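Data block for protein18.cif (mmCIF, C-alpha atoms):
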data_final
#
loop_
_atom_site.group_PDB
_atom_site.id
_atom_site.type_symbol
_atom_site.label_atom_id
_atom_site.label_comp_id
_atom_site.auth_asym_id
_atom_site.auth_seq_id
_atom_site.Cartn_x
_atom_site.Cartn_y
_atom_site.Cartn_z
ATOM 1 C CA MET X 1 -173.238 194.933 -108.552
ATOM 2 C CA PRO X 2 -171.630 192.024 -110.463
ATOM 3 C CA GLN X 3 -173.852 190.082 -112.843
ATOM 4 C CA PHE X 4 -173.531 186.322 -112.978
ATOM 5 C CA PHE X 5 -173.068 184.781 -116.445
ATOM 6 C CA ALA X 6 -172.877 188.263 -117.978
ATOM 7 C CA ASN X 7 -171.014 187.028 -121.086
ATOM 8 C CA ALA X 8 -172.254 183.456 -121.239
ATOM 9 C CA HIS X 9 -172.095 181.724 -124.626
ATOM 10 C CA TYR X 10 -173.071 178.160 -123.781
ATOM 11 C CA LYS X 11 -174.497 175.883 -126.483
ATOM 12 C CA PHE X 12 -177.452 174.494 -124.565
ATOM 13 C CA VAL X 13 -179.406 173.269 -127.581
ATOM 14 C CA ALA X 14 -176.573 170.950 -128.613
ATOM 15 C CA TYR X 15 -176.837 169.028 -125.324
ATOM 16 C CA ARG X 16 -180.618 168.607 -125.318
ATOM 17 C CA TRP X 17 -180.699 164.885 -126.070
ATOM 18 C CA ARG X 18 -178.163 164.027 -123.374
ATOM 19 C CA THR X 19 -180.282 165.763 -120.747
ATOM 20 C CA VAL X 20 -183.528 164.261 -122.043
ATOM 21 C CA THR X 21 -181.951 160.788 -122.036
ATOM 22 C CA ILE X 22 -180.729 161.099 -118.439
ATOM 23 C CA SER X 23 -184.106 162.438 -117.311
ATOM 24 C CA GLY X 24 -185.910 159.693 -119.207
ATOM 25 C CA ILE X 25 -183.849 157.020 -117.447
ATOM 26 C CA ILE X 26 -184.605 158.569 -114.035
ATOM 27 C CA ILE X 27 -188.340 158.718 -114.801
ATOM 28 C CA LEU X 28 -188.378 155.139 -116.149
ATOM 29 C CA VAL X 29 -186.594 153.771 -113.071
ATOM 30 C CA GLY X 30 -189.027 155.706 -110.886
ATOM 31 C CA LEU X 31 -192.019 154.194 -112.687
ATOM 32 C CA VAL X 32 -190.589 150.685 -112.382
ATOM 33 C CA THR X 33 -189.889 151.228 -108.683
ATOM 34 C CA MET X 34 -193.434 152.492 -108.114
ATOM 35 C CA ALA X 35 -194.855 149.509 -110.010
ATOM 36 C CA ILE X 36 -192.876 147.128 -107.781
ATOM 37 C CA ARG X 37 -193.550 148.861 -104.451
ATOM 38 C CA GLY X 38 -196.956 150.308 -105.215
ATOM 39 C CA PRO X 39 -197.854 153.970 -104.563
ATOM 40 C CA ASN X 40 -197.160 155.104 -100.997
ATOM 41 C CA TRP X 41 -200.514 156.811 -100.437
ATOM 42 C CA SER X 42 -201.073 158.768 -97.247
ATOM 43 C CA VAL X 43 -204.248 158.397 -95.214
ATOM 44 C CA ASP X 44 -205.667 161.298 -97.268
ATOM 45 C CA PHE X 45 -205.828 159.089 -100.358
ATOM 46 C CA ARG X 46 -205.839 155.473 -99.198
ATOM 47 C CA GLY X 47 -208.326 155.773 -96.331
ATOM 48 C CA GLY X 48 -207.669 154.506 -92.833
ATOM 49 C CA MET X 49 -206.701 155.961 -89.469
ATOM 50 C CA ASP X 50 -203.534 157.754 -88.349
ATOM 51 C CA ILE X 51 -202.958 158.119 -84.616
ATOM 52 C CA GLN X 52 -200.131 160.310 -83.373
ATOM 53 C CA VAL X 53 -198.975 159.419 -79.849
ATOM 54 C CA ARG X 54 -196.387 161.018 -77.575
ATOM 55 C CA PHE X 55 -194.759 159.175 -74.673
ATOM 56 C CA ALA X 56 -193.028 160.787 -71.711
ATOM 57 C CA GLN X 57 -190.032 158.534 -72.353
ATOM 58 C CA PRO X 58 -189.212 157.812 -76.025
ATOM 59 C CA LEU X 59 -189.997 154.338 -77.347
ATOM 60 C CA SER X 60 -188.836 152.599 -80.500
ATOM 61 C CA ASP X 61 -191.121 151.813 -83.420
ATOM 62 C CA GLY X 62 -190.647 148.098 -82.787
ATOM 63 C CA GLN X 63 -191.809 148.349 -79.170
ATOM 64 C CA VAL X 64 -195.021 150.097 -80.185
ATOM 65 C CA ARG X 65 -195.653 147.667 -83.036
ATOM 66 C CA SER X 66 -195.202 144.696 -80.699
ATOM 67 C CA ALA X 67 -197.702 146.189 -78.264
ATOM 68 C CA LEU X 68 -200.273 146.467 -81.089
ATOM 69 C CA ALA X 69 -199.438 143.121 -82.710
ATOM 70 C CA ASP X 70 -203.034 141.852 -82.755
ATOM 71 C CA MET X 71 -204.449 145.014 -84.345
ATOM 72 C CA ASN X 72 -204.620 145.807 -88.067
ATOM 73 C CA VAL X 73 -201.518 148.034 -88.049
ATOM 74 C CA GLY X 74 -200.134 149.141 -91.402
ATOM 75 C CA GLU X 75 -197.108 151.148 -90.301
ATOM 76 C CA VAL X 76 -195.471 152.555 -87.186
ATOM 77 C CA LYS X 77 -192.832 155.267 -87.440
ATOM 78 C CA THR X 78 -191.207 158.019 -85.408
ATOM 79 C CA ILE X 79 -191.771 161.646 -86.409
ATOM 80 C CA SER X 80 -190.238 164.781 -84.964
ATOM 81 C CA GLY X 81 -189.794 168.501 -85.533
ATOM 82 C CA LEU X 82 -187.218 171.085 -84.562
ATOM 83 C CA GLY X 83 -187.031 171.421 -80.775
ATOM 84 C CA GLN X 84 -189.908 168.984 -80.258
ATOM 85 C CA LYS X 85 -190.155 165.595 -78.626
ATOM 86 C CA GLU X 86 -190.486 162.565 -80.841
ATOM 87 C CA ASP X 87 -193.973 161.297 -81.577
ATOM 88 C CA ILE X 88 -195.030 157.857 -82.774
ATOM 89 C CA LEU X 89 -197.302 157.718 -85.814
ATOM 90 C CA ILE X 90 -199.496 154.606 -85.877
ATOM 91 C CA ARG X 91 -201.220 153.771 -89.149
ATOM 92 C CA LEU X 92 -204.262 151.535 -89.005
ATOM 93 C CA LYS X 93 -206.101 150.111 -91.989
ATOM 94 C CA VAL X 94 -209.501 150.390 -90.292
ATOM 95 C CA THR X 95 -211.938 153.272 -90.790
ATOM 96 C CA GLU X 96 -214.934 152.161 -88.738
ATOM 97 C CA ASN X 97 -215.567 152.606 -85.011
ATOM 98 C CA SER X 98 -212.822 155.211 -84.749
ATOM 99 C CA GLU X 99 -213.559 156.015 -81.106
ATOM 100 C CA GLU X 100 -213.489 152.341 -80.159
ATOM 101 C CA THR X 101 -210.236 151.872 -82.071
ATOM 102 C CA GLN X 102 -208.645 154.827 -80.287
ATOM 103 C CA ARG X 103 -209.747 153.390 -76.951
ATOM 104 C CA LEU X 104 -208.222 149.991 -77.782
ATOM 105 C CA VAL X 105 -204.949 151.561 -78.901
ATOM 106 C CA ARG X 106 -204.708 153.596 -75.716
ATOM 107 C CA GLN X 107 -205.590 150.589 -73.569
ATOM 108 C CA LYS X 108 -202.977 148.330 -75.179
ATOM 109 C CA LEU X 109 -200.227 150.957 -75.006
ATOM 110 C CA GLU X 110 -200.960 151.838 -71.389
ATOM 111 C CA SER X 111 -201.001 148.175 -70.359
ATOM 112 C CA SER X 112 -197.757 147.478 -72.277
ATOM 113 C CA PHE X 113 -195.943 150.542 -70.889
ATOM 114 C CA PRO X 114 -197.541 151.272 -67.497
ATOM 115 C CA GLU X 115 -194.596 153.351 -66.262
ATOM 116 C CA ASN X 116 -194.522 155.550 -69.375
ATOM 117 C CA SER X 117 -197.337 158.100 -69.565
ATOM 118 C CA MET X 118 -198.735 158.869 -73.007
ATOM 119 C CA GLU X 119 -201.118 161.199 -74.817
ATOM 120 C CA ILE X 120 -202.872 160.940 -78.160
ATOM 121 C CA ARG X 121 -201.978 164.179 -79.919
ATOM 122 C CA ASN X 122 -203.780 163.796 -83.223
ATOM 123 C CA VAL X 123 -206.166 161.421 -84.983
ATOM 124 C CA ALA X 124 -206.974 161.471 -88.711
ATOM 125 C CA VAL X 125 -209.676 159.228 -90.172
ATOM 126 C CA VAL X 126 -210.522 159.037 -93.883
ATOM 127 C CA GLY X 127 -212.962 156.576 -95.392
ATOM 128 C CA PRO X 128 -211.914 154.535 -98.456
ATOM 129 C CA LYS X 129 -214.492 156.251 -100.693
ATOM 130 C CA VAL X 130 -213.230 159.683 -99.676
ATOM 131 C CA GLY X 131 -209.678 158.538 -100.406
ATOM 132 C CA ARG X 132 -210.672 157.396 -103.900
ATOM 133 C CA ASP X 133 -212.482 160.676 -104.553
ATOM 134 C CA LEU X 134 -209.414 162.637 -103.443
ATOM 135 C CA ARG X 135 -207.146 160.637 -105.758
ATOM 136 C CA ARG X 136 -209.493 161.301 -108.667
ATOM 137 C CA SER X 137 -209.706 165.011 -107.818
ATOM 138 C CA ALA X 138 -205.910 165.237 -107.567
ATOM 139 C CA LEU X 139 -205.496 163.685 -111.030
ATOM 140 C CA LEU X 140 -208.149 165.953 -112.559
ATOM 141 C CA SER X 141 -206.630 169.069 -111.019
ATOM 142 C CA GLY X 142 -203.242 168.241 -112.528
ATOM 143 C CA ILE X 143 -204.717 167.542 -115.977
ATOM 144 C CA LEU X 144 -206.798 170.735 -115.861
ATOM 145 C CA ALA X 145 -203.742 172.803 -114.915
ATOM 146 C CA VAL X 146 -201.767 171.404 -117.864
ATOM 147 C CA ILE X 147 -204.628 172.022 -120.332
ATOM 148 C CA MET X 148 -205.065 175.619 -119.184
ATOM 149 C CA LEU X 149 -201.321 176.262 -119.472
ATOM 150 C CA LEU X 150 -201.295 174.723 -122.969
ATOM 151 C CA ILE X 151 -204.086 177.072 -124.059
ATOM 152 C CA TYR X 152 -202.473 180.124 -122.453
ATOM 153 C CA ILE X 153 -198.973 179.580 -123.904
ATOM 154 C CA SER X 154 -200.436 178.833 -127.357
ATOM 155 C CA TRP X 155 -202.338 182.113 -127.222
ATOM 156 C CA ARG X 156 -199.496 184.133 -125.697
ATOM 157 C CA PHE X 157 -196.749 182.699 -127.930
ATOM 158 C CA LYS X 158 -197.140 179.853 -130.438
ATOM 159 C CA PHE X 159 -198.329 176.268 -130.306
ATOM 160 C CA GLU X 160 -194.800 174.828 -130.573
ATOM 161 C CA PHE X 161 -193.807 176.954 -127.584
ATOM 162 C CA ALA X 162 -196.732 175.490 -125.660
ATOM 163 C CA ILE X 163 -195.606 171.961 -126.532
ATOM 164 C CA GLY X 164 -192.079 172.747 -125.319
ATOM 165 C CA GLY X 165 -193.417 174.206 -122.086
ATOM 166 C CA ILE X 166 -195.723 171.257 -121.393
ATOM 167 C CA ILE X 167 -192.975 168.714 -122.120
ATOM 168 C CA ALA X 168 -190.753 170.614 -119.679
ATOM 169 C CA LEU X 169 -193.561 170.401 -117.094
ATOM 170 C CA VAL X 170 -193.912 166.658 -117.632
ATOM 171 C CA HIS X 171 -190.132 166.383 -117.241
ATOM 172 C CA ASN X 172 -190.174 168.305 -113.949
ATOM 173 C CA VAL X 173 -193.090 166.379 -112.473
ATOM 174 C CA GLY X 174 -191.741 163.030 -113.684
ATOM 175 C CA VAL X 175 -188.221 163.531 -112.300
ATOM 176 C CA THR X 176 -189.564 164.864 -108.992
ATOM 177 C CA MET X 177 -192.012 161.982 -108.668
ATOM 178 C CA ALA X 178 -189.187 159.522 -109.364
ATOM 179 C CA PHE X 179 -187.100 160.912 -106.493
ATOM 180 C CA LEU X 180 -190.189 160.913 -104.290
ATOM 181 C CA VAL X 181 -190.532 157.182 -105.010
ATOM 182 C CA PHE X 182 -186.801 156.506 -104.524
ATOM 183 C CA PHE X 183 -186.909 157.989 -101.012
ATOM 184 C CA ASN X 184 -190.332 156.431 -100.303
ATOM 185 C CA TYR X 185 -192.118 159.666 -99.379
ATOM 186 C CA GLU X 186 -195.867 159.597 -98.916
ATOM 187 C CA LEU X 187 -198.222 160.916 -101.569
ATOM 188 C CA SER X 188 -200.310 163.257 -99.437
ATOM 189 C CA LEU X 189 -202.382 166.399 -99.904
ATOM 190 C CA SER X 190 -199.362 168.539 -99.001
ATOM 191 C CA VAL X 191 -197.312 166.737 -101.670
ATOM 192 C CA LEU X 192 -200.102 167.385 -104.183
ATOM 193 C CA ALA X 193 -200.026 171.072 -103.221
ATOM 194 C CA ALA X 194 -196.259 171.041 -103.764
ATOM 195 C CA PHE X 195 -196.641 169.585 -107.271
ATOM 196 C CA LEU X 196 -199.221 172.221 -108.227
ATOM 197 C CA THR X 197 -196.913 174.915 -106.832
ATOM 198 C CA LEU X 198 -194.041 173.425 -108.807
ATOM 199 C CA ILE X 199 -196.081 173.534 -112.020
ATOM 200 C CA GLY X 200 -196.734 177.251 -111.553
ATOM 201 C CA TYR X 201 -193.124 177.989 -110.618
ATOM 202 C CA SER X 202 -191.514 176.071 -113.460
ATOM 203 C CA ILE X 203 -193.799 177.413 -116.199
ATOM 204 C CA ASN X 204 -193.067 180.952 -115.009
ATOM 205 C CA ASP X 205 -189.337 180.386 -115.489
ATOM 206 C CA THR X 206 -189.957 178.898 -118.926
ATOM 207 C CA ILE X 207 -192.151 181.804 -120.053
ATOM 208 C CA VAL X 208 -189.379 184.286 -119.183
ATOM 209 C CA VAL X 209 -187.078 182.453 -121.600
ATOM 210 C CA PHE X 210 -189.818 182.219 -124.240
ATOM 211 C CA ASP X 211 -190.425 185.953 -124.013
ATOM 212 C CA ARG X 212 -186.750 186.669 -124.641
ATOM 213 C CA ILE X 213 -186.777 184.222 -127.577
ATOM 214 C CA ARG X 214 -189.701 186.069 -129.130
ATOM 215 C CA GLU X 215 -187.881 189.400 -128.772
ATOM 216 C CA ASN X 216 -184.716 188.047 -130.353
ATOM 217 C CA MET X 217 -186.630 186.467 -133.230
ATOM 218 C CA LYS X 218 -187.780 189.979 -134.161
ATOM 219 C CA LYS X 219 -184.460 191.761 -133.572
ATOM 220 C CA ARG X 220 -181.989 189.166 -134.871
ATOM 221 C CA ARG X 221 -183.533 187.787 -138.035
ATOM 222 C CA ALA X 222 -180.127 186.988 -139.504
ATOM 223 C CA LEU X 223 -179.460 184.324 -136.884
ATOM 224 C CA SER X 224 -180.667 180.764 -137.158
ATOM 225 C CA LEU X 225 -183.401 179.586 -134.820
ATOM 226 C CA ARG X 226 -180.923 177.393 -132.931
ATOM 227 C CA ASP X 227 -178.577 180.368 -132.363
ATOM 228 C CA ILE X 228 -181.488 182.530 -131.230
ATOM 229 C CA MET X 229 -182.482 179.886 -128.683
ATOM 230 C CA ASP X 230 -178.954 179.629 -127.295
ATOM 231 C CA LEU X 231 -178.605 183.409 -127.202
ATOM 232 C CA SER X 232 -181.926 183.860 -125.380
ATOM 233 C CA ILE X 233 -181.153 181.191 -122.793
ATOM 234 C CA ASN X 234 -177.729 182.711 -122.124
ATOM 235 C CA GLU X 235 -179.220 186.196 -121.778
ATOM 236 C CA THR X 236 -181.711 184.999 -119.144
ATOM 237 C CA LEU X 237 -179.325 182.545 -117.478
ATOM 238 C CA SER X 238 -178.305 184.913 -114.685
ATOM 239 C CA ARG X 239 -181.931 185.583 -113.766
ATOM 240 C CA SER X 240 -182.833 181.886 -113.887
ATOM 241 C CA VAL X 241 -179.895 180.810 -111.704
ATOM 242 C CA ILE X 242 -180.422 183.530 -109.085
ATOM 243 C CA THR X 243 -184.152 182.755 -108.872
ATOM 244 C CA SER X 244 -183.552 179.005 -108.584
ATOM 245 C CA VAL X 245 -180.850 179.374 -105.919
ATOM 246 C CA THR X 246 -183.006 181.766 -103.876
ATOM 247 C CA VAL X 247 -186.003 179.437 -103.936
ATOM 248 C CA PHE X 248 -183.802 176.393 -103.289
ATOM 249 C CA LEU X 249 -182.213 177.912 -100.171
ATOM 250 C CA THR X 250 -185.601 178.985 -98.822
ATOM 251 C CA VAL X 251 -187.097 175.527 -99.309
ATOM 252 C CA LEU X 252 -183.939 173.911 -97.900
ATOM 253 C CA VAL X 253 -184.508 175.758 -94.613
ATOM 254 C CA LEU X 254 -188.108 174.518 -94.639
ATOM 255 C CA PHE X 255 -186.917 170.960 -95.312
ATOM 256 C CA VAL X 256 -184.363 170.987 -92.485
ATOM 257 C CA PHE X 257 -186.377 172.827 -89.831
ATOM 258 C CA GLY X 258 -190.001 172.383 -90.892
ATOM 259 C CA GLY X 259 -190.539 168.995 -89.270
ATOM 260 C CA ASP X 260 -192.163 165.870 -90.667
ATOM 261 C CA VAL X 261 -195.469 167.537 -91.499
ATOM 262 C CA LEU X 262 -193.841 169.720 -94.181
ATOM 263 C CA ARG X 263 -191.070 167.296 -95.134
ATOM 264 C CA GLY X 264 -192.860 165.918 -98.213
ATOM 265 C CA PHE X 265 -193.841 169.381 -99.471
ATOM 266 C CA SER X 266 -190.335 170.794 -99.090
ATOM 267 C CA PHE X 267 -188.702 167.695 -100.632
ATOM 268 C CA VAL X 268 -190.860 168.009 -103.760
ATOM 269 C CA MET X 269 -189.940 171.677 -104.071
ATOM 270 C CA LEU X 270 -186.219 170.988 -103.536
ATOM 271 C CA VAL X 271 -186.038 168.401 -106.303
ATOM 272 C CA GLY X 272 -188.499 170.323 -108.470
ATOM 273 C CA VAL X 273 -186.491 173.541 -108.411
ATOM 274 C CA ILE X 274 -183.402 171.691 -109.649
ATOM 275 C CA ALA X 275 -185.393 169.804 -112.304
ATOM 276 C CA SER X 276 -187.050 173.053 -113.400
ATOM 277 C CA ALA X 277 -183.707 174.821 -113.785
ATOM 278 C CA CYS X 278 -182.454 171.988 -116.010
ATOM 279 C CA ALA X 279 -185.676 171.859 -118.022
ATOM 280 C CA THR X 280 -185.656 175.605 -118.677
ATOM 281 C CA VAL X 281 -182.295 175.497 -120.464
ATOM 282 C CA PHE X 282 -182.122 171.934 -121.789
ATOM 283 C CA VAL X 283 -185.719 170.884 -122.504
ATOM 284 C CA SER X 284 -188.315 173.607 -123.153
ATOM 285 C CA ALA X 285 -186.539 175.818 -125.712
ATOM 286 C CA PRO X 286 -184.629 172.942 -127.400
ATOM 287 C CA ILE X 287 -187.935 171.121 -127.929
ATOM 288 C CA VAL X 288 -189.196 174.201 -129.786
ATOM 289 C CA VAL X 289 -186.088 174.033 -131.992
ATOM 290 C CA GLU X 290 -186.669 170.347 -132.680
ATOM 291 C CA TRP X 291 -190.313 170.969 -133.581
ATOM 292 C CA ALA X 292 -189.476 173.922 -135.871
ATOM 293 C CA GLU X 293 -186.641 172.094 -137.658
ATOM 294 C CA LYS X 294 -188.882 169.117 -138.404
ATOM 295 C CA ARG X 295 -191.500 171.481 -139.846
ATOM 296 C CA MET X 296 -188.806 172.982 -142.086
ATOM 297 C CA VAL X 297 -187.668 169.530 -143.240
ATOM 298 C CA LYS X 298 -191.252 168.825 -144.312
ATOM 299 C CA GLY X 299 -191.135 171.958 -146.452
ATOM 300 C CA ARG X 300 -193.028 174.298 -144.136
ATOM 301 C CA LYS X 301 -191.556 177.328 -142.459
ATOM 302 C CA PRO X 302 -192.006 177.589 -138.702
ATOM 303 C CA ARG X 303 -194.741 180.008 -137.765
#
What do you get writing this file as structure tokens?
Amino acid sequence: MPQFFANAHYKFVAYRWRTVTISGIIILVGLVTMAIRGPNWSVDFRGGMDIQVRFAQPLSDGQVRSALADMNVGEVKTISGLGQKEDILIRLKVTENSEETQRLVRQKLESSFPENSMEIRNVAVVGPKVGRDLRRSALLSGILAVIMLLIYISWRFKFEFAIGGIIALVHNVGVTMAFLVFFNYELSLSVLAAFLTLIGYSINDTIVVFDRIRENMKKRRALSLRDIMDLSINETLSRSVITSVTVFLTVLVLFVFGGDVLRGFSFVMLVGVIASACATVFVSAPIVVEWAEKRMVKGRKPR
């Protein structure tokens, strides 16, 4: 069986600042865009009511919005899945009297479209306090995951390796979040689950490279640290590429055929897999080199 990149000799460390600069620009533009638009929270985090309606004959978003013009409607959009009819998702900013609100929505839609039968397929109601608690829990879970990974990598390898791994994680999450903002995807519980999954996936890929670096540091003492990093990345490049392509294709199928419910999750994983592949070769290990070289300049040998 042929091995991809069997004799690779790429100088990844030399291009580290170009990659970091491009990623930094993407993250910065994403932050500015989010500051201008505001976070696109789903009902899970912002509170409110989502009503999913299906009509016998498809209607446009504008028709439904016009029918509910005097209600506190935040957004109306069409959602669909593979082989399914289109549904209309109605977002309301109210959280009280949910049954009365549902009755009013049904009444207005039936009176506006008497010849078009409809059914309410799903209703989600989250209070504003619950939404705030979920946002806080989501932030804490992310911070806790990063702290635990920092401790584990420091114990398993060295502290500078942990710093490189965490910076690579921040890179992956930041770039993925930027693209999420660019395409105006909702920040929902499924998106949060995707980010936590991405953290686990990307750190696993990084640790494989770190493990090879540690082996080569023992076997090839004559080489400089920069050469050892490049050698280790090239030796694991085939494994990293095959793993990334396999996961990417799997998630791509989920993105195309999974419907709107899983669209945010699969989009995060699609972008995250690409960002993780770049971070593994251009960010995590090169950051370790940068850290070690600065320690040597200060007159201390890297541990």
Subject >> One-decimal distance in Å that lies between atom CA of Asn40 of chain X and atom CA of Glu186 of chain X >> reply: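 Result for atom CA of Glu186 of chain X versus atom CA of Asn40 of chain X: 5.1 Å, one decimal.
When atom CA of Gln52 of chain X is paired with atom CA of Val256 of chain X, their separation reads 21.1 Å.
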**OP:** Between X:Ala56, X:Met217, X:Val146, X:Ala168, single out the one closest to Ser232 of chain X, counting all atoms listed in the file.
**Re:** X:Met217
Subject >> Two-atom distance - atom CA of Gly164 of chain X, atom CA of Ser188 of chain X (Å) >> reply: 28.8 Å
**OP:** Taking (-181.3, 173.2, -125.6) in the file's own coordinates, collect the residues within 7 Å, counting all atoms listed in the file, and hand them back as a ChimeraX atom specification.
**Re:** /X:12-16,281-283,285-286
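In terms of minimum interatomic distance to Leu196 of chain X, X:Ser141 ranks closest within X:Ser266, X:Ser141, X:Asn184, X:Ser240, counting only C-alpha atoms.
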Need the shell around Val53 of chain X: protein/DNA/RNA residues with any atom at most 7 Å away, counting only C-alpha atoms. Skip same-chain ones fewer than 2 positions apart. Format as a CSV table (one decimal) with C-alpha atoms, in the coordinates of the input?
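See part_21.csv below for the written result:
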chain,number,residue,atom,x,y,z
X,51,ILE,CA,-203.0,158.1,-84.6
X,55,PHE,CA,-194.8,159.2,-74.7
X,87,ASP,CA,-194.0,161.3,-81.6
X,88,ILE,CA,-195.0,157.9,-82.8
X,89,LEU,CA,-197.3,157.7,-85.8
X,118,MET,CA,-198.7,158.9,-73.0
X,119,GLU,CA,-201.1,161.2,-74.8
X,120,ILE,CA,-202.9,160.9,-78.2
X,121,ARG,CA,-202.0,164.2,-79.9
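With all atoms listed in the file as the atoms that count, the minimum distance from Thr280 of chain X to the choices X:Arg37, X:Arg239, X:Arg91, X:Lys108 is reached by X:Arg239.
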Subject >> Spatial neighbours of Asn216 of chain X, max dist 9 Å, only C-alpha atoms, sep filter under 6 positions, as a VMD selection string >> reply: chain X and resid 228 to 229 231 to 232
How about saving the chosen residues, C-alpha atoms kept, as a short mmCIF file (atom, residue, chain, number, x, y, z; two decimals), keeping the file's coordinate frame?
data_model
loop_
_atom_site.label_atom_id
_atom_site.label_comp_id
_atom_site.auth_asym_id
_atom_site.auth_seq_id
_atom_site.Cartn_x
_atom_site.Cartn_y
_atom_site.Cartn_z
CA ILE X 228 -181.49 182.53 -131.23
CA MET X 229 -182.48 179.89 -128.68
CA LEU X 231 -178.60 183.41 -127.20
CA SER X 232 -181.93 183.86 -125.38
#
Subject >> Option closest in space to Val251 of chain X, from X:Lys93, X:His9, X:His171, X:Arg263 [counting all atoms listed in the file] >> reply: X:Arg263
**OP:** Select all residues near (-191.0, 161.7, -107.7) (cut-off 12 Å, inclusive, file coordinates), counting all atoms listed in the file, and output them as a PyMOL selection string.
**Re:** chain X and resi 23+26-34+39-40+170-187+191-192+194-195+264-265+267-272+275
Original post:
Near segment 203-210 of chain X, counting only C-alpha atoms, which residues have an atom at most 9 Å away, once you skip same-chain residues fewer than 4 positions from it, shown as a ChimeraX atom specification?
Top reply: /X:149,153,157,161,165-166,168-169,198-199,214-215,229,232-233,235-237,240,243,276-277,279-281,284-285
**OP:** Any chance you could resolve the PyMOL selection byres ((chain X and resi 160) around 9) against this file and give the residues as a PyMOL selection string?
**Re:** chain X and resi 154+157-159+161-165+287-289+291-292+303
Original post:
Which residues match the PyMOL selection byres ((chain X and resi 110) around 12) in the file above, as a PyMOL selection string?
Top reply: chain X and resi 53-56+64+67-68+103-109+111-120
